[in-house]
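Source file: target_6.cif; contents: mmCIF, C-alpha atoms (C1' of nucleotides).
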data_upload
#
loop_
_atom_site.group_PDB
_atom_site.id
_atom_site.type_symbol
_atom_site.label_atom_id
_atom_site.label_comp_id
_atom_site.auth_asym_id
_atom_site.auth_seq_id
_atom_site.Cartn_x
_atom_site.Cartn_y
_atom_site.Cartn_z
ATOM 1 C CA MET D 536 -72.702 63.088 126.438
ATOM 2 C CA ILE D 537 -71.700 61.905 123.001
ATOM 3 C CA THR D 538 -71.505 64.578 120.391
ATOM 4 C CA LEU D 539 -71.193 64.545 116.646
ATOM 5 C CA PHE D 540 -67.514 65.314 116.843
ATOM 6 C CA ALA D 541 -66.925 62.387 119.165
ATOM 7 C CA SER D 542 -68.942 60.088 116.909
ATOM 8 C CA ARG D 543 -66.701 60.988 114.005
ATOM 9 C CA VAL D 544 -63.652 60.248 116.099
ATOM 10 C CA TYR D 545 -64.983 56.834 117.032
ATOM 11 C CA ASN D 546 -65.811 56.088 113.429
ATOM 12 C CA LEU D 547 -62.278 56.853 112.356
ATOM 13 C CA VAL D 548 -60.668 54.902 115.160
ATOM 14 C CA LYS D 549 -62.831 51.900 114.404
ATOM 15 C CA LYS D 550 -61.476 51.977 110.885
ATOM 16 C CA VAL D 551 -57.983 51.317 112.154
ATOM 17 C CA PRO D 552 -57.218 47.646 111.467
ATOM 18 C CA LYS D 553 -55.616 45.277 113.913
ATOM 19 C CA GLY D 554 -51.877 45.592 114.238
ATOM 20 C CA ARG D 555 -52.044 49.180 113.091
ATOM 21 C CA VAL D 556 -52.003 52.448 114.980
ATOM 22 C CA THR D 557 -53.023 56.027 114.315
ATOM 23 C CA THR D 558 -52.412 59.368 115.931
ATOM 24 C CA TYR D 559 -54.524 62.113 117.405
ATOM 25 C CA LYS D 560 -53.268 64.408 114.729
ATOM 26 C CA GLN D 561 -54.345 62.042 111.962
ATOM 27 C CA ILE D 562 -57.826 61.918 113.412
ATOM 28 C CA ALA D 563 -58.027 65.650 113.871
ATOM 29 C CA ALA D 564 -56.715 66.184 110.360
ATOM 30 C CA ALA D 565 -59.281 63.756 108.983
ATOM 31 C CA LEU D 566 -61.950 65.851 110.642
ATOM 32 C CA ASN D 567 -60.446 68.918 109.028
ATOM 33 C CA CYS D 568 -59.563 70.521 112.323
ATOM 34 C CA LYS D 569 -56.748 70.718 114.829
ATOM 35 C CA ALA D 570 -58.601 69.662 117.929
ATOM 36 C CA TYR D 571 -56.007 67.100 118.917
ATOM 37 C CA ARG D 572 -56.974 67.425 122.535
ATOM 38 C CA ALA D 573 -60.658 67.268 121.819
ATOM 39 C CA VAL D 574 -60.012 63.936 120.145
ATOM 40 C CA GLY D 575 -58.430 62.628 123.306
ATOM 41 C CA GLN D 576 -61.326 63.812 125.356
ATOM 42 C CA ALA D 577 -63.785 62.187 123.018
ATOM 43 C CA LEU D 578 -61.937 58.904 123.376
ATOM 44 C CA LYS D 579 -61.789 59.343 127.100
ATOM 45 C CA VAL D 580 -65.561 59.410 127.373
ATOM 46 C CA ASN D 581 -66.011 56.801 124.689
ATOM 47 C CA PRO D 582 -68.986 54.498 125.289
ATOM 48 C CA TYR D 583 -67.603 52.070 122.734
ATOM 49 C CA ALA D 584 -64.766 50.748 124.825
ATOM 50 C CA PRO D 585 -64.088 47.534 122.844
ATOM 51 C CA GLU D 586 -65.103 49.039 119.544
ATOM 52 C CA VAL D 587 -62.954 52.098 119.916
ATOM 53 C CA PRO D 588 -59.569 50.780 121.032
ATOM 54 C CA CYS D 589 -57.904 53.883 122.342
ATOM 55 C CA HIS D 590 -54.696 51.886 122.651
ATOM 56 C CA ARG D 591 -54.437 52.093 118.892
ATOM 57 C CA VAL D 592 -54.382 55.844 119.096
ATOM 58 C CA VAL D 593 -51.000 57.239 120.037
ATOM 59 C CA LYS D 594 -49.160 60.490 119.941
ATOM 60 C CA GLN D 595 -47.571 61.869 116.823
ATOM 61 C CA ASP D 596 -44.129 60.731 117.923
ATOM 62 C CA GLY D 597 -45.278 57.167 118.523
ATOM 63 C CA SER D 598 -45.439 57.282 122.298
ATOM 64 C CA LEU D 599 -48.481 55.789 124.005
ATOM 65 C CA GLY D 600 -49.633 59.202 125.146
ATOM 66 C CA GLY D 601 -51.554 59.903 128.302
ATOM 67 C CA PHE D 602 -53.666 56.762 128.349
ATOM 68 C CA GLY D 603 -52.525 53.432 129.727
ATOM 69 C CA GLY D 604 -55.113 52.972 132.411
ATOM 70 C CA GLN D 605 -55.445 56.458 133.790
ATOM 71 C CA THR D 606 -54.391 59.963 132.958
ATOM 72 C CA LYS D 607 -52.561 60.623 136.169
ATOM 73 C CA GLY D 608 -49.580 58.389 135.748
ATOM 74 C CA ARG D 609 -49.300 54.636 136.238
ATOM 75 C CA LYS D 610 -47.332 52.381 133.994
ATOM 76 C CA ILE D 611 -48.158 51.552 130.460
ATOM 77 C CA ILE D 612 -48.164 47.793 130.471
ATOM 78 C CA ALA D 613 -51.680 46.767 129.549
ATOM 79 C CA LYS D 614 -51.516 48.725 126.341
ATOM 80 C CA LYS D 615 -48.113 47.331 125.566
ATOM 81 C CA ASN D 616 -49.398 43.803 125.920
ATOM 82 C CA LEU D 617 -52.536 44.517 123.956
ATOM 83 C CA LEU D 618 -50.610 46.073 121.121
ATOM 84 C CA ALA D 619 -47.968 43.369 121.252
ATOM 85 C CA LYS D 620 -50.712 40.777 120.793
ATOM 86 C CA GLU D 621 -51.829 42.582 117.692
ATOM 87 C CA GLY D 622 -48.326 42.767 116.331
ATOM 88 C CA VAL D 623 -47.438 46.236 117.513
ATOM 89 C CA VAL D 624 -44.232 46.195 119.484
ATOM 90 C CA ILE D 625 -43.520 48.871 122.042
ATOM 91 C CA SER D 626 -39.929 49.881 122.504
ATOM 92 C CA ARG D 627 -38.908 52.309 125.223
ATOM 93 C CA GLY D 628 -42.516 53.358 125.688
ATOM 94 C CA LYS D 629 -42.890 54.073 122.024
ATOM 95 C CA VAL D 630 -44.250 52.118 119.086
ATOM 96 C CA LYS D 631 -41.619 50.249 117.141
ATOM 97 C CA ASP D 632 -41.694 50.910 113.400
ATOM 98 C CA PHE D 633 -44.302 53.482 114.190
ATOM 99 C CA GLN D 634 -44.109 55.044 110.764
ATOM 100 C CA LYS D 635 -44.746 51.675 109.141
ATOM 101 C CA LEU D 636 -47.605 50.768 111.444
ATOM 102 C CA LEU D 637 -49.174 54.189 111.220
ATOM 103 C CA PHE D 638 -52.585 54.002 109.628
ATOM 104 C CA LYS D 639 -53.122 57.173 107.679
ATOM 105 C CA LEU D 640 -56.695 58.326 107.609
ATOM 106 C CA GLY D 641 -58.384 59.978 104.734
ATOM 107 C "C1'" DT G 1333 -67.659 82.851 129.090
ATOM 108 C "C1'" DC G 1334 -64.432 80.108 131.908
ATOM 109 C "C1'" DA G 1335 -61.795 76.179 132.977
ATOM 110 C "C1'" DC G 1336 -60.272 71.636 131.657
ATOM 111 C "C1'" DT G 1337 -58.251 68.308 128.581
ATOM 112 C "C1'" DA G 1338 -55.674 61.030 126.566
ATOM 113 C "C1'" DT G 1339 -52.037 66.950 121.894
ATOM 114 C "C1'" DA G 1340 -48.706 69.452 118.780
ATOM 115 C "C1'" DT G 1341 -45.212 72.608 117.964
ATOM 116 C "C1'" DC G 1342 -41.603 76.098 119.014
ATOM 117 C "C1'" DA G 1343 -38.015 78.362 121.847
ATOM 118 C "C1'" DG G 1344 -34.407 78.104 125.243
ATOM 119 C "C1'" DC G 1345 -30.940 75.581 127.660
ATOM 120 C "C1'" DG S 342 -32.880 65.544 125.063
ATOM 121 C "C1'" DC S 343 -35.920 67.937 128.337
ATOM 122 C "C1'" DT S 344 -38.818 71.570 130.079
ATOM 123 C "C1'" DG S 345 -41.810 75.569 129.671
ATOM 124 C "C1'" DA S 346 -44.812 78.274 127.077
ATOM 125 C "C1'" DT S 347 -48.102 78.943 123.391
ATOM 126 C "C1'" DA S 348 -51.761 77.699 119.797
ATOM 127 C "C1'" DT S 349 -55.887 75.292 118.732
ATOM 128 C "C1'" DA S 350 -60.611 73.078 119.210
ATOM 129 C "C1'" DG S 351 -64.396 70.770 121.770
ATOM 130 C "C1'" DT S 352 -67.111 69.837 126.074
ATOM 131 C "C1'" DG S 353 -69.418 70.872 130.403
ATOM 132 C "C1'" DA S 354 -71.107 74.058 133.930
#
Would you encode the structure as structure tokens?
Amino acid sequence: MITLFASRVYNLVKKVPKGRVTTYKQIAAALNCKAYRAVGQALKVNPYAPEVPCHRVVKQDGSLGGFGGQTKGRKIIAKKNLLAKEGVVISRGKVKDFQKLLFKLG
DNA sequence: TCACTATATCAGC
DNA sequence: GCTGATATAGTGA
């Protein structure tokens, strides 16, 4: 079930250009709320898999967050490769130059 | 209303 | 630096 809130999240994520990343907080802030977790859930059930690259959405500290294939555990390799292809380097499980690559919404 | 969740932030060690 | 607890907001049953 896609809701209005989720649609807004997708819209914002789609705005993130290649080689750039954003955070759950940025998205939530752009929506004028603090539903960081709701954002993650919205992305989780996203029907726009290729259009809404959740791998471009990371945690506030630059770490990949809970995604990376599944929410249980697993390794975060696919995302690392995907981001690396776009110019985003992952170092120690976190985005390198995160602050520079961070795409501020609004 | 209750429980769950891909977060964020603070306190304690 | 890491872990535990708390705050916040949205979704589904």
Proximity check chain G to chain D, 12 Å, nearest pairs one decimal Å, all atoms listed in the file, as a Markdown table:
| residue | atom | partner | partner_atom | distance |
| --- | --- | --- | --- | --- |
| G:DC1336 | C1' | D:Gln576 | CA | 10.1 |
| G:DT1337 | C1' | D:Arg572 | CA | 6.2 |
| G:DA1338 | C1' | D:Gly575 | CA | 4.6 |
| G:DT1339 | C1' | D:Tyr571 | CA | 5.0 |
| G:DA1340 | C1' | D:Tyr571 | CA | 7.7 |
| G:DT1341 | C1' | D:Gln595 | CA | 11.1 |
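Using only C-alpha atoms (C1' of nucleotides), the residues found no farther than 10 Å from Leu617 (chain D), other than those of its own chain fewer than 6 positions away, are Gly554, Pro588, His590, Arg591, Val623 and Val624 of chain D.
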Can you work out the spacing between CA of Val630 (chain D) and CA of Gly597 (chain D) in Å, to one decimal? 5.2 Å
What's the 12 Å shell around DG1344 (chain G), counting only C-alpha atoms (C1' of nucleotides), without same-chain residues fewer than 3 positions away, as number ranges by chain? S: 343-346
By how many Å are CA of Gln561 (chain D) and CA of Tyr545 (chain D) apart?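 For CA of Gln561 (chain D) relative to CA of Tyr545 (chain D), the distance reads 12.9 Å.
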Report as a tab-separated table: every residue of chain S with an atom at most 9 Å from chain D, its closest pair of atoms, and their distance in Å to one decimal, counting all atoms listed in the file, with rows sorted by chain and ascending residue number.
residue	atom	partner	partner_atom	distance
S:DT349	C1'	D:Lys569	CA	6.1
S:DA350	C1'	D:Ala570	CA	4.2
S:DG351	C1'	D:Ala573	CA	5.1
S:DT352	C1'	D:Ala573	CA	8.1
Give me, please, the distance in Å between CA of Thr557 (chain D) and CA of Phe638 (chain D), quoted to one decimal.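 Spanning CA of Thr557 (chain D) to CA of Phe638 (chain D) is a straight-line distance of 5.1 Å.
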Report as a compact mmCIF listing (two decimals) with C-alpha atoms, in the frame of the given file all protein, DNA and RNA residues lying within 10 Å of Lys639 (chain D), evaluated on only C-alpha atoms (C1' of nucleotides), omitting residues in the same chain fewer than 2 positions from it.
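Just written: selection-v2.txt:
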# COMPACT_ATOMS: atom_id res chain seq x y z
CA VAL D 551 -57.98 51.32 112.15
CA ARG D 555 -52.04 49.18 113.09
CA VAL D 556 -52.00 52.45 114.98
CA THR D 557 -53.02 56.03 114.32
CA THR D 558 -52.41 59.37 115.93
CA GLN D 561 -54.34 62.04 111.96
CA ILE D 562 -57.83 61.92 113.41
CA ALA D 565 -59.28 63.76 108.98
CA GLN D 634 -44.11 55.04 110.76
CA LEU D 636 -47.60 50.77 111.44
CA LEU D 637 -49.17 54.19 111.22
CA GLY D 641 -58.38 59.98 104.73
Could you write out as JSON the box around region 343-346 of chain S (axis-aligned, all atoms listed in the file, 6 Å on each side), with centre and edge lengths in Å to one decimal?
{"center_x": -40.4, "center_y": 73.1, "center_z": 128.6, "size_x": 20.9, "size_y": 22.3, "size_z": 15.0}
